[in-house]
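Below is final.cif, which holds mmCIF, C-alpha atoms.
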```cif
data_start
loop_
_atom_site.label_atom_id
_atom_site.label_comp_id
_atom_site.auth_asym_id
_atom_site.auth_seq_id
_atom_site.Cartn_x
_atom_site.Cartn_y
_atom_site.Cartn_z
CA MET A 175 6.46 -84.45 4.18
CA GLU A 176 9.24 -81.91 4.32
CA GLU A 177 8.40 -78.35 3.43
CA VAL A 178 9.27 -77.00 -0.02
CA LYS A 179 9.90 -73.31 -0.63
CA LEU A 180 10.67 -71.58 -3.90
CA LEU A 181 12.36 -68.19 -3.98
CA GLY A 182 11.80 -66.61 -7.37
CA THR A 183 10.69 -63.60 -9.34
CA TRP A 184 7.54 -63.23 -11.44
CA SER A 185 9.38 -62.22 -14.61
CA SER A 186 12.24 -64.74 -14.66
CA PRO A 187 12.11 -67.75 -17.00
CA PHE A 188 14.65 -69.48 -14.72
CA SER A 189 12.28 -69.11 -11.80
CA TYR A 190 9.48 -70.53 -13.94
CA ARG A 191 11.52 -73.59 -14.92
CA VAL A 192 11.36 -74.68 -11.31
CA LEU A 193 7.79 -73.55 -10.70
CA TRP A 194 6.58 -75.52 -13.73
CA ALA A 195 8.48 -78.60 -12.56
CA LEU A 196 6.86 -78.40 -9.12
CA GLU A 197 3.42 -78.00 -10.72
CA LEU A 198 4.02 -80.89 -13.16
CA LYS A 199 4.95 -83.15 -10.27
CA GLY A 200 2.11 -81.88 -8.09
CA ILE A 201 4.53 -80.94 -5.30
CA PRO A 202 3.04 -78.51 -2.78
CA TYR A 203 5.29 -75.51 -2.23
CA GLN A 204 5.40 -72.07 -0.71
CA TYR A 205 6.42 -69.35 -3.16
CA THR A 206 8.22 -66.17 -2.13
CA GLU A 207 8.61 -63.28 -4.57
CA GLU A 208 12.09 -61.82 -4.22
CA ASP A 209 13.01 -58.20 -4.92
CA LEU A 210 16.33 -58.43 -6.74
CA TYR A 211 17.08 -54.76 -6.09
CA ASN A 212 16.66 -55.40 -2.38
CA LYS A 213 17.64 -59.01 -1.75
CA SER A 214 16.24 -60.62 1.35
CA PRO A 215 18.65 -61.87 4.05
CA PHE A 216 17.09 -65.30 3.55
CA LEU A 217 17.97 -65.36 -0.15
CA VAL A 218 21.55 -64.29 0.57
CA LYS A 219 21.81 -66.94 3.29
CA CYS A 220 20.48 -69.65 0.95
CA ASN A 221 22.62 -68.63 -2.05
CA PRO A 222 25.71 -66.88 -0.67
CA VAL A 223 27.78 -67.72 -3.77
CA HIS A 224 25.56 -66.18 -6.46
CA LYS A 225 22.80 -64.38 -4.51
CA LYS A 226 20.40 -65.28 -7.33
CA ILE A 227 17.02 -66.85 -7.83
CA PRO A 228 15.63 -69.41 -8.22
CA VAL A 229 16.43 -71.18 -4.98
CA LEU A 230 14.55 -74.27 -3.86
CA VAL A 231 14.56 -74.95 -0.14
CA HIS A 232 13.62 -78.50 0.78
CA GLY A 233 13.34 -79.36 4.45
CA GLY A 234 15.49 -76.30 5.21
CA LYS A 235 18.25 -77.24 2.73
CA PRO A 236 18.80 -74.83 -0.19
CA ILE A 237 19.45 -75.95 -3.76
CA CYS A 238 20.57 -73.29 -6.25
CA GLU A 239 20.80 -73.00 -10.06
CA SER A 240 17.66 -73.87 -12.02
CA MET A 241 19.08 -76.88 -13.88
CA VAL A 242 20.63 -78.28 -10.69
CA ILE A 243 17.20 -77.96 -9.05
CA LEU A 244 15.47 -79.73 -11.96
CA GLU A 245 17.95 -82.63 -11.75
CA TYR A 246 17.37 -82.75 -8.00
CA LEU A 247 13.57 -83.02 -8.15
CA ASP A 248 13.45 -86.52 -9.72
CA GLY A 249 15.31 -87.81 -6.63
CA PRO A 250 12.77 -87.25 -3.84
CA TRP A 251 9.81 -87.14 -6.31
CA PRO A 252 10.39 -89.78 -9.00
CA HIS A 253 6.83 -89.69 -10.43
CA ASN A 254 6.34 -87.73 -13.68
CA PRO A 255 10.11 -87.85 -14.21
CA LEU A 256 11.78 -84.86 -15.84
CA LEU A 257 14.59 -87.00 -17.24
CA PRO A 258 14.35 -90.27 -19.17
CA SER A 259 15.63 -93.45 -17.50
CA ASP A 260 18.01 -94.62 -20.24
CA PRO A 261 21.60 -93.33 -19.71
CA TYR A 262 22.09 -92.33 -23.36
CA GLU A 263 18.77 -90.51 -23.55
CA ARG A 264 19.62 -88.75 -20.30
CA ALA A 265 22.91 -87.62 -21.87
CA VAL A 266 21.02 -86.27 -24.88
CA ALA A 267 18.55 -84.44 -22.62
CA ARG A 268 21.39 -82.92 -20.59
CA PHE A 269 23.10 -81.85 -23.81
CA TRP A 270 20.08 -79.86 -24.97
CA ALA A 271 19.42 -78.42 -21.52
CA LYS A 272 23.03 -77.15 -21.45
CA PHE A 273 22.59 -75.81 -24.98
CA ALA A 274 19.53 -73.86 -23.80
CA ASP A 275 21.58 -72.33 -20.98
CA ASP A 276 24.77 -71.62 -22.93
CA LYS A 277 23.23 -70.34 -26.17
CA GLY A 278 20.02 -68.82 -24.80
CA THR A 279 21.83 -65.67 -23.63
CA VAL A 280 22.12 -64.45 -27.22
CA ILE A 281 18.39 -63.67 -27.13
CA TRP A 282 18.91 -61.52 -24.06
CA THR A 283 21.72 -59.73 -25.91
CA MET A 284 19.36 -59.04 -28.80
CA PHE A 285 16.90 -57.58 -26.33
CA ARG A 286 19.28 -55.31 -24.46
CA SER A 287 21.30 -53.97 -27.40
CA THR A 288 21.06 -51.87 -30.55
CA GLY A 289 23.02 -51.41 -33.77
CA GLU A 290 25.84 -53.80 -34.70
CA GLU A 291 25.69 -55.66 -31.40
CA GLN A 292 22.00 -56.34 -31.89
CA LYS A 293 22.53 -57.40 -35.51
CA GLU A 294 25.08 -59.98 -34.42
CA ALA A 295 22.76 -61.18 -31.66
CA VAL A 296 19.88 -61.57 -34.12
CA LYS A 297 22.13 -63.64 -36.36
CA GLY A 298 23.19 -65.78 -33.38
CA SER A 299 19.60 -66.20 -32.23
CA LEU A 300 18.48 -67.40 -35.64
CA GLU A 301 21.36 -69.89 -35.78
CA MET A 302 20.38 -71.16 -32.35
CA LEU A 303 16.74 -71.58 -33.37
CA ARG A 304 17.84 -73.34 -36.56
CA THR A 305 19.90 -75.85 -34.57
CA ILE A 306 16.99 -76.59 -32.25
CA GLU A 307 14.56 -76.89 -35.17
CA ASP A 308 16.78 -79.20 -37.18
CA LEU A 309 18.47 -81.30 -34.52
CA ALA A 310 16.75 -81.18 -31.15
CA LEU A 311 13.04 -81.72 -31.57
CA GLY A 312 12.55 -84.24 -34.37
CA ASP A 313 8.88 -85.11 -34.83
CA LYS A 314 8.15 -85.40 -31.14
CA LYS A 315 5.41 -83.42 -29.45
CA PHE A 316 7.81 -82.33 -26.73
CA PHE A 317 11.59 -82.51 -26.34
CA GLY A 318 10.80 -85.02 -23.61
CA GLY A 319 8.68 -87.16 -25.96
CA GLU A 320 5.00 -87.52 -25.17
CA ARG A 321 5.34 -85.64 -21.91
CA ILE A 322 7.07 -82.41 -20.94
CA GLY A 323 10.57 -83.03 -19.61
CA MET A 324 13.61 -81.14 -18.41
CA VAL A 325 14.58 -79.91 -21.89
CA ASP A 326 11.12 -78.46 -22.52
CA LEU A 327 11.39 -76.53 -19.26
CA ALA A 328 14.92 -75.41 -20.18
CA PHE A 329 13.62 -73.98 -23.47
CA GLY A 330 10.53 -72.50 -21.80
CA ALA A 331 11.73 -68.93 -22.36
CA LEU A 332 11.34 -69.46 -26.12
CA ALA A 333 7.65 -70.19 -25.68
CA HIS A 334 6.69 -67.05 -23.78
CA TRP A 335 9.53 -64.58 -23.18
CA LEU A 336 10.82 -64.55 -26.76
CA GLY A 337 7.50 -63.25 -28.09
CA VAL A 338 7.60 -60.37 -25.61
CA PHE A 339 11.18 -59.46 -26.56
CA GLU A 340 10.32 -59.69 -30.27
CA GLU A 341 7.44 -57.28 -29.80
CA ILE A 342 9.52 -54.77 -27.84
CA VAL A 343 12.51 -54.68 -30.24
CA GLY A 344 10.32 -55.04 -33.33
CA ILE A 345 12.19 -58.05 -34.72
CA ARG A 346 10.46 -61.33 -35.49
CA LEU A 347 12.66 -64.40 -35.05
CA LEU A 348 10.41 -67.40 -34.54
CA GLU A 349 8.48 -67.29 -37.84
CA PRO A 350 6.14 -70.32 -38.21
CA GLU A 351 7.18 -70.85 -41.85
CA SER A 352 10.89 -70.91 -40.97
CA PHE A 353 10.58 -72.92 -37.76
CA PRO A 354 7.42 -75.05 -38.06
CA ARG A 355 8.42 -77.66 -35.48
CA LEU A 356 9.53 -75.15 -32.88
CA HIS A 357 6.48 -73.02 -33.48
CA LYS A 358 4.19 -76.01 -32.97
CA TRP A 359 6.11 -76.92 -29.83
CA THR A 360 5.49 -73.46 -28.32
CA LYS A 361 1.75 -74.01 -28.84
CA ASN A 362 1.78 -77.51 -27.35
CA PHE A 363 3.93 -76.39 -24.45
CA LYS A 364 1.66 -73.48 -23.50
CA GLU A 365 -1.45 -75.63 -23.78
CA GLU A 366 -0.34 -78.00 -21.01
CA PRO A 367 -2.40 -77.08 -17.94
CA ALA A 368 0.60 -76.90 -15.58
CA ILE A 369 2.21 -74.37 -17.93
CA LYS A 370 -0.93 -72.55 -19.13
CA GLU A 371 -2.03 -71.80 -15.59
CA ASN A 372 1.44 -70.62 -14.62
CA LEU A 373 2.61 -67.99 -17.06
CA PRO A 374 3.39 -64.38 -16.21
CA ASP A 375 0.84 -61.91 -17.59
CA LYS A 376 1.88 -60.80 -21.07
CA ASP A 377 0.90 -57.14 -20.70
CA LYS A 378 2.71 -56.91 -17.37
CA MET A 379 5.78 -58.44 -19.05
CA LEU A 380 5.62 -56.01 -21.99
CA SER A 381 5.46 -53.05 -19.66
CA ASN A 382 8.16 -54.39 -17.31
CA PHE A 383 10.64 -55.39 -20.01
CA ARG A 384 10.07 -52.23 -22.04
CA CYS A 385 11.02 -50.23 -18.97
CA LEU A 386 14.02 -52.47 -18.33
CA ARG A 387 15.29 -52.12 -21.90
CA GLU A 388 15.16 -48.32 -21.64
CA LYS A 389 17.08 -48.46 -18.38
CA LEU A 390 19.73 -50.79 -19.81
CA LEU A 391 20.21 -48.73 -22.96
CA ALA A 392 20.45 -45.51 -20.95
CA SER A 393 23.16 -46.77 -18.59
CA PRO A 394 26.82 -46.75 -19.76
CA MET B 262 32.29 -104.99 -24.17
CA ALA B 263 35.37 -104.79 -26.40
CA ALA B 264 37.67 -101.76 -26.16
CA THR B 265 36.71 -100.75 -29.68
CA ASP B 266 33.15 -100.19 -28.45
CA VAL B 267 34.33 -97.19 -26.45
CA LYS B 268 36.22 -94.49 -28.26
CA LEU B 269 37.32 -91.15 -26.84
CA LEU B 270 37.96 -88.34 -29.29
CA GLY B 271 40.21 -85.68 -27.83
CA VAL B 272 43.72 -84.48 -27.08
CA GLY B 273 45.83 -85.14 -23.99
CA PRO B 274 46.38 -81.53 -22.86
CA SER B 275 42.65 -80.79 -22.67
CA PRO B 276 41.39 -80.91 -19.07
CA TYR B 277 37.91 -81.63 -20.48
CA VAL B 278 39.25 -84.74 -22.17
CA ASN B 279 41.14 -85.67 -18.98
CA ARG B 280 37.81 -85.65 -17.11
CA VAL B 281 36.51 -88.41 -19.34
CA GLN B 282 39.74 -90.43 -19.09
CA ILE B 283 39.63 -90.29 -15.31
CA ALA B 284 35.98 -91.35 -15.21
CA LEU B 285 36.64 -94.28 -17.57
CA ASN B 286 39.66 -95.30 -15.49
CA LEU B 287 37.61 -95.18 -12.28
CA LYS B 288 35.16 -97.61 -13.81
CA SER B 289 37.95 -99.75 -15.29
CA VAL B 290 36.52 -99.32 -18.78
CA ASN B 291 38.85 -100.11 -21.66
CA TYR B 292 38.75 -97.57 -24.42
CA GLU B 293 40.41 -96.48 -27.62
CA PHE B 294 41.99 -93.05 -27.67
CA PRO B 295 42.84 -92.34 -31.32
CA GLU B 296 45.25 -89.45 -31.59
CA GLN B 297 43.61 -86.22 -32.71
CA THR B 298 45.67 -83.38 -34.09
CA MET B 299 45.80 -80.31 -31.88
CA GLY B 300 44.13 -77.31 -33.43
CA SER B 301 42.25 -79.19 -36.14
CA LYS B 302 39.02 -81.17 -36.01
CA SER B 303 38.80 -84.57 -37.63
CA GLU B 304 35.84 -85.62 -39.79
CA LEU B 305 34.72 -87.92 -37.01
CA VAL B 306 34.62 -85.09 -34.45
CA LEU B 307 32.64 -82.89 -36.83
CA LYS B 308 30.21 -85.71 -37.58
CA SER B 309 29.81 -86.77 -33.93
CA ASN B 310 29.43 -83.27 -32.54
CA PRO B 311 27.79 -81.26 -35.31
CA VAL B 312 26.40 -78.67 -32.89
CA HIS B 313 29.62 -77.57 -31.18
CA LYS B 314 32.34 -79.29 -33.25
CA LYS B 315 34.37 -79.77 -30.07
CA ILE B 316 36.17 -82.43 -28.11
CA PRO B 317 35.81 -84.47 -25.99
CA VAL B 318 33.32 -86.78 -27.65
CA LEU B 319 32.76 -90.26 -26.30
CA ILE B 320 31.56 -92.73 -28.88
CA HIS B 321 29.94 -95.75 -27.24
CA GLY B 322 28.94 -98.34 -29.82
CA ASP B 323 27.65 -95.97 -32.46
CA LYS B 324 26.30 -93.34 -30.07
CA PRO B 325 28.17 -90.06 -29.59
CA ILE B 326 28.01 -88.30 -26.24
CA CYS B 327 29.27 -84.70 -26.00
CA GLU B 328 30.21 -82.19 -23.27
CA SER B 329 32.72 -83.43 -20.69
CA LEU B 330 30.55 -83.41 -17.57
CA ILE B 331 27.62 -84.93 -19.44
CA ILE B 332 29.97 -87.71 -20.58
CA VAL B 333 31.15 -88.23 -16.98
CA GLN B 334 27.53 -88.59 -15.82
CA TYR B 335 26.82 -90.98 -18.68
CA ILE B 336 29.82 -93.11 -17.68
CA ASP B 337 28.59 -93.12 -14.08
CA GLU B 338 25.05 -94.11 -15.06
CA PHE B 339 25.96 -96.74 -17.66
CA TRP B 340 28.75 -98.57 -15.83
CA THR B 341 27.00 -99.09 -12.53
CA SER B 342 29.25 -101.88 -11.27
CA GLY B 343 32.24 -99.60 -10.69
CA PRO B 344 32.57 -97.05 -7.85
CA SER B 345 29.94 -94.27 -8.02
CA ILE B 346 31.07 -90.90 -9.27
CA LEU B 347 28.03 -88.92 -8.15
CA PRO B 348 26.81 -89.46 -4.57
CA SER B 349 23.69 -91.52 -3.96
CA ASP B 350 21.88 -88.90 -1.89
CA PRO B 351 19.92 -86.44 -4.08
CA TYR B 352 20.92 -83.41 -2.01
CA ASP B 353 24.61 -84.33 -2.11
CA ARG B 354 24.25 -84.84 -5.88
CA ALA B 355 22.81 -81.33 -6.15
CA LEU B 356 25.77 -79.96 -4.18
CA HIS B 357 28.25 -81.67 -6.51
CA ARG B 358 26.42 -80.42 -9.59
CA PHE B 359 26.34 -76.89 -8.17
CA TRP B 360 30.08 -76.83 -7.56
CA ALA B 361 30.93 -78.41 -10.90
CA ALA B 362 28.87 -75.68 -12.59
CA TYR B 363 30.67 -73.06 -10.49
CA ILE B 364 34.04 -74.44 -11.57
CA ASP B 365 33.12 -74.31 -15.25
CA ASP B 366 31.15 -71.05 -15.27
CA LYS B 367 33.10 -68.92 -12.80
CA LEU B 368 36.44 -70.38 -11.74
CA SER B 369 37.92 -71.66 -15.00
CA PRO B 370 37.32 -68.41 -16.90
CA VAL B 371 39.16 -66.30 -14.28
CA MET B 372 42.06 -68.75 -14.24
CA ARG B 373 42.26 -68.45 -17.99
CA GLU B 374 42.31 -64.66 -17.64
CA LEU B 375 45.28 -65.09 -15.29
CA ARG B 376 47.23 -67.06 -17.89
CA MET B 377 46.35 -64.58 -20.62
CA ALA B 378 47.00 -61.41 -18.57
CA GLU B 379 49.49 -59.15 -20.29
CA THR B 380 49.67 -56.29 -17.79
CA GLU B 381 50.42 -56.34 -14.06
CA GLU B 382 47.05 -54.74 -13.43
CA ALA B 383 45.15 -57.39 -15.39
CA LYS B 384 47.14 -60.08 -13.64
CA GLN B 385 46.29 -58.70 -10.21
CA VAL B 386 42.57 -58.51 -11.01
CA ALA B 387 42.58 -62.09 -12.29
CA LEU B 388 44.61 -63.25 -9.30
CA ASP B 389 42.21 -61.64 -6.83
CA ARG B 390 39.23 -63.23 -8.56
CA SER B 391 40.96 -66.62 -8.69
CA SER B 392 41.78 -66.41 -4.99
CA GLU B 393 38.16 -65.57 -4.15
CA GLY B 394 36.98 -68.52 -6.18
CA LEU B 395 39.45 -70.88 -4.59
CA ALA B 396 38.47 -69.68 -1.11
CA LEU B 397 34.88 -70.66 -1.93
CA LEU B 398 36.03 -74.01 -3.26
CA GLU B 399 38.00 -74.59 -0.04
CA GLU B 400 34.74 -74.17 1.89
CA ALA B 401 33.00 -76.47 -0.57
CA PHE B 402 35.73 -79.06 0.01
CA THR B 403 35.16 -78.94 3.76
CA GLU B 404 31.40 -79.34 3.25
CA CYS B 405 31.53 -82.11 0.65
CA SER B 406 34.45 -84.17 1.94
CA LYS B 407 33.12 -84.35 5.51
CA GLY B 408 36.69 -84.84 6.76
CA LYS B 409 37.72 -87.36 4.09
CA SER B 410 40.27 -87.06 1.29
CA PHE B 411 38.05 -86.15 -1.64
CA PHE B 412 35.00 -84.05 -2.47
CA GLY B 413 33.43 -87.46 -3.10
CA GLY B 414 34.44 -88.69 0.36
CA ASP B 415 36.62 -91.83 0.45
CA ASN B 416 36.88 -91.95 -3.31
CA ILE B 417 37.08 -89.56 -6.25
CA GLY B 418 33.70 -88.08 -7.14
CA TYR B 419 32.14 -85.62 -9.55
CA VAL B 420 33.62 -82.38 -8.20
CA ASP B 421 37.02 -84.05 -7.80
CA ILE B 422 36.96 -84.86 -11.50
CA ALA B 423 35.55 -81.45 -12.48
CA PHE B 424 38.28 -79.52 -10.67
CA GLY B 425 41.07 -82.06 -10.50
CA SER B 426 41.22 -82.34 -14.28
CA SER B 427 42.40 -78.72 -14.38
CA LEU B 428 45.24 -79.17 -11.87
CA GLY B 429 47.81 -79.34 -14.67
CA TRP B 430 46.64 -75.97 -15.95
CA VAL B 431 46.38 -74.55 -12.41
CA ARG B 432 50.07 -75.40 -11.92
CA ALA B 433 50.90 -74.02 -15.37
CA SER B 434 49.09 -70.77 -14.52
CA GLU B 435 51.12 -70.53 -11.30
CA LYS B 436 54.36 -70.86 -13.27
CA LEU B 437 53.33 -68.53 -16.10
CA ALA B 438 52.03 -65.76 -13.83
CA GLY B 439 54.60 -66.34 -11.07
CA VAL B 440 51.94 -66.76 -8.38
CA THR B 441 50.72 -69.36 -5.92
CA LEU B 442 47.10 -70.36 -6.31
CA LEU B 443 46.83 -73.43 -4.08
CA ASP B 444 48.31 -71.96 -0.94
CA GLN B 445 48.99 -73.99 2.21
CA ALA B 446 47.99 -71.06 4.40
CA LYS B 447 44.80 -70.05 2.58
CA THR B 448 43.58 -73.32 1.08
CA PRO B 449 45.12 -76.13 3.12
CA GLY B 450 42.28 -78.53 2.34
CA LEU B 451 42.71 -78.07 -1.40
CA VAL B 452 46.49 -78.45 -1.15
CA SER B 453 46.25 -81.89 0.45
CA TRP B 454 43.34 -82.78 -1.82
CA ALA B 455 45.42 -81.91 -4.90
CA HIS B 456 48.17 -84.23 -3.74
CA ASN B 457 45.72 -87.08 -3.06
CA PHE B 458 43.94 -86.55 -6.36
CA SER B 459 47.10 -86.50 -8.44
CA SER B 460 48.38 -89.71 -6.83
CA HIS B 461 45.12 -91.60 -7.35
CA GLN B 462 45.30 -94.70 -9.50
CA ALA B 463 42.70 -93.42 -11.95
CA VAL B 464 44.49 -90.09 -12.42
CA LYS B 465 48.13 -91.13 -12.74
CA GLY B 466 49.42 -90.58 -16.24
CA VAL B 467 46.36 -88.70 -17.40
CA ILE B 468 47.15 -85.07 -16.65
CA PRO B 469 50.17 -83.85 -18.64
CA GLU B 470 53.28 -82.55 -16.88
CA THR B 471 53.13 -78.88 -15.89
CA ASP B 472 56.21 -77.92 -17.93
CA LYS B 473 54.71 -79.45 -21.03
CA LEU B 474 51.55 -77.38 -20.60
CA VAL B 475 53.59 -74.21 -20.02
CA GLU B 476 55.48 -74.90 -23.25
CA LEU B 477 52.24 -75.56 -25.12
CA PHE B 478 50.70 -72.35 -23.85
CA LYS B 479 53.72 -70.30 -24.90
CA MET B 480 53.57 -71.90 -28.32
CA PHE B 481 49.86 -71.03 -28.70
CA GLN B 482 50.47 -67.45 -27.57
CA ALA B 483 53.29 -67.07 -30.10
CA LYS B 484 51.13 -68.48 -32.88
CA ALA B 485 48.21 -66.24 -31.95
CA LYS B 486 50.45 -63.15 -31.97
CA ALA B 487 51.93 -64.11 -35.34
CA ASN B 488 48.47 -64.37 -36.98
#
```
Could you express the structure from this file as C-alpha cells?
Amino acid sequence: MEEVKLLGTWSSPFSYRVLWALELKGIPYQYTEEDLYNKSPFLVKCNPVHKKIPVLVHGGKPICESMVILEYLDGPWPHNPLLPSDPYERAVARFWAKFADDKGTVIWTMFRSTGEEQKEAVKGSLEMLRTIEDLALGDKKFFGGERIGMVDLAFGALAHWLGVFEEIVGIRLLEPESFPRLHKWTKNFKEEPAIKENLPDKDKMLSNFRCLREKLLASP
Amino acid sequence: MAATDVKLLGVGPSPYVNRVQIALNLKSVNYEFPEQTMGSKSELVLKSNPVHKKIPVLIHGDKPICESLIIVQYIDEFWTSGPSILPSDPYDRALHRFWAAYIDDKLSPVMRELRMAETEEAKQVALDRSSEGLALLEEAFTECSKGKSFFGGDNIGYVDIAFGSSLGWVRASEKLAGVTLLDQAKTPGLVSWAHNFSSHQAVKGVIPETDKLVELFKMFQAKAKAN
C-alpha cells in the first residue's frame, strides 16, 4: 500500500474537500498542516506552479488542485465512488463541480469587501444559491444521490464556511425559507459521520476569519 | 447512431467549440453543426444551457452537455471504441487535468490580455506573463509526451486538445501584438508540437485561418469602441 500524504490548512474548504474524500473512502493518510505565510520547501517542490494547498502525495507523486485530486481518487480507490459511472451523469456532476469553483468566489468577495462591491457580491451570491436550489439538487438527499459525491464535496464550503462568513459580515444569505432544499442539504451533509467528525472548529474559524477580514480591509 | 443524434451548438472561431469538434473527429463521430449567429444566442442554446447561456453545447439524443472540457471528457467516456483522449493511468490523467486547468485558468486569460493591450506597457506585462506560462507548458510537454509527438503520447490527448484548440488565436495574438509566442529557441518542443497538432487528421479544417481571426478581432474591437 503506497503512502498517502495530504498537505493542507485547517481553515481551507479546498483542503477539506480532499480530507473528506479520503475519510469517505477510508483511505489512511498522513496530514501535514502548512503555514501559507511560510511555505515549506516540500510544498513548493510538490506544487511549483501554484505553490498552493491542497496537495495529495501518493507514493511520492504529487497531485495538485482539489478537483483534480477528487477525480484522481476514484482511480486507485474505486470503492465508494465520488463520481457516477454513467458518462452523462458524470458530465452533469463535473458541470456542477465546475460551477462551485467558478461561481463560489463571489462569496469570498462578499466576505472581504464593503460598500458597493459587497452589495454586488451579495447579489451574485444569492443568484448562485438560487441556481443551485432550482437546478442542481432536485429532490435528492445529496447532489450525488443517496450518497455524498464529488459535487457535495465541491459545495462543502456552503455547509460550514458560509455560515461563518454570514455571521462576521452580518448578512444572512442561506435563509431556510428561501432555499429549503439547500438548507436541508447542509444539515444532511454535516450529519454524515465522515464530515461531522472532520469540520474545523466554528469558534476558531470565527476568530480567524474575523482577523483576516480586518487585515484585508486595512490593506490597500 | 445517426448524425442527427449528435448536435454541436457553437461557432467556428471559438476555440472552445473547436475542442469539441476535434474530439468528435478523433472518435469518428458524425455530427450536425447547425450554424449559430456570432454574438447572439439561439433559443436552443438558451434552453440547453440555462445556467451559463454559452456555447459550446453538445446535444446527444435529447441530453445537453455544457462546458468544452466536460464535453470532451463525455465524448471520451461515451465513445470508448475510438482512440482514448485521456490516458488510462490515473496519475497521468491527473497530470492532464492539471495542465488543462492551468491553460484555462492562467494561460488563456494572459493571452487575451495580450490581444487587448492598448499600451506598450500593458503589452509588455502580458507578453512576459504569456512567456512564463508557455515556458511552464514547454516543461509540461516534455513530461507528458515522454519523447513522443503529443502531450497524449503517440496520439492527440486531452492537453493537446485543450491547448491546441487555441493555436489559431495564439497565432492571431502574435500578429496583432507583433510578437512571437511559440519561439524555436525558448519553446522548441511546443513549436514542433504545434506543427504536428495542426497537421493531424482530426484537426485539419477545424481551426480557422489566422488572418480570418485577426480580421474578426479587429471587427469586434471596432464594434466595442463604437458602443
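Considering the residues B:Val386, B:Ile283, B:Leu437, B:Leu443 and counting all atoms listed in the file, Gln482 (chain B) has its shortest atom-to-atom contact with B:Leu437.
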For a quick test of understanding: name the residues of chain B lying within 6 Å of chain A when counting only C-alpha atoms, and present them as a PDB file with C-alpha atoms, keeping the file's coordinate frame.
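Final file, iface.pdb:
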```
ATOM      1  CA  ILE B 331      27.620 -84.930 -19.440  1.00  0.00           C
ATOM      2  CA  TYR B 335      26.820 -90.980 -18.680  1.00  0.00           C
ATOM      3  CA  GLU B 338      25.050 -94.110 -15.060  1.00  0.00           C
ATOM      4  CA  PHE B 339      25.960 -96.740 -17.660  1.00  0.00           C
ATOM      5  CA  PRO B 351      19.920 -86.440  -4.080  1.00  0.00           C
ATOM      6  CA  ALA B 355      22.810 -81.330  -6.150  1.00  0.00           C
TER       7      ALA B 355
END
```
For this structure, which residues satisfy the selection - the PyMOL selection byres ((chain A and resi 204) around 9) - when it is evaluated on the file as given? I want them as an mmCIF file with C-alpha atoms, in the coordinates of the input.
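Dumped to out36.cif:
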```cif
data_model
loop_
_atom_site.group_PDB
_atom_site.id
_atom_site.type_symbol
_atom_site.label_atom_id
_atom_site.label_comp_id
_atom_site.auth_asym_id
_atom_site.auth_seq_id
_atom_site.Cartn_x
_atom_site.Cartn_y
_atom_site.Cartn_z
ATOM 1 C CA GLU A 177 8.400 -78.350 3.430
ATOM 2 C CA VAL A 178 9.270 -77.000 -0.020
ATOM 3 C CA LYS A 179 9.900 -73.310 -0.630
ATOM 4 C CA LEU A 180 10.670 -71.580 -3.900
ATOM 5 C CA LEU A 181 12.360 -68.190 -3.980
ATOM 6 C CA PRO A 202 3.040 -78.510 -2.780
ATOM 7 C CA TYR A 203 5.290 -75.510 -2.230
ATOM 8 C CA TYR A 205 6.420 -69.350 -3.160
ATOM 9 C CA THR A 206 8.220 -66.170 -2.130
#
```
_Minimum-distance residue to Pro374 (chain A), chosen among A:Ala333, A:Gly344, A:Ile322, A:Leu386 (using all atoms listed in the file)_ =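 Among the listed residues, the smallest separation from Pro374 (chain A) belongs to A:Ala333.
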*Which residues fall under the PyMOL selection byres ((chain A and resi 352) around 12) in this file, as a list in words?*
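Evaluating the PyMOL selection byres ((chain A and resi 352) around 12) on these coordinates yields Leu300, Glu301, Leu303, Arg304, Glu307, Asp308, Arg346, Leu347, Leu348, Glu349, Pro350, Glu351, Phe353, Pro354, Arg355, Leu356, His357 and Lys358 of chain A.
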*asked:* When you look at Ile281 (chain A) with a cut-off of 12 Å (counting only C-alpha atoms), what residues show up, excluding the ones that are within fewer than 2 positions of it in the same chain? I need them as a VMD selection string.
replied: chain A and resid 274 to 279 283 to 287 291 to 303 329 331 to 332 335 to 340 343 345 to 348
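Every residue that the PyMOL selection byres ((chain B and resi 432) around 9) selects in this file is listed here: Ser427, Leu428, Gly429, Trp430, Val431, Ala433, Ser434, Glu435, Lys436, Leu437, Thr441, Leu442, Leu443, Thr471, Asp472 and Val475 of chain B.
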*Provide the CA of Leu270 (chain B) to CA of Glu296 (chain B) distance in Å, to one decimal place.*
7.7 Å
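Going from CA of Leu198 (chain A) over to CA of Gly319 (chain A), you cover 15.0 Å.
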Generate a file for region 300-307 of chain A, containing N, CA and C atoms, as a tab-separated table (two decimals), in the first residue's frame.
```tsv
chain	number	residue	atom	x	y	z
A	300	LEU	N	-26.55	35.44	-4.01
A	300	LEU	CA	-27.95	34.99	-3.98
A	300	LEU	C	-28.35	34.34	-5.29
A	301	GLU	N	-27.86	34.91	-6.40
A	301	GLU	CA	-28.16	34.32	-7.72
A	301	GLU	C	-27.58	32.92	-7.81
A	302	MET	N	-26.36	32.79	-7.31
A	302	MET	CA	-25.69	31.49	-7.32
A	302	MET	C	-26.47	30.48	-6.50
A	303	LEU	N	-26.89	30.87	-5.31
A	303	LEU	CA	-27.64	29.95	-4.45
A	303	LEU	C	-28.97	29.58	-5.10
A	304	ARG	N	-29.58	30.56	-5.77
A	304	ARG	CA	-30.86	30.32	-6.45
A	304	ARG	C	-30.69	29.27	-7.54
A	305	THR	N	-29.61	29.39	-8.31
A	305	THR	CA	-29.34	28.41	-9.38
A	305	THR	C	-29.17	27.01	-8.81
A	306	ILE	N	-28.42	26.91	-7.73
A	306	ILE	CA	-28.18	25.60	-7.12
A	306	ILE	C	-29.50	25.04	-6.60
A	307	GLU	N	-30.26	25.88	-5.92
A	307	GLU	CA	-31.53	25.46	-5.33
A	307	GLU	C	-32.49	24.95	-6.40
```
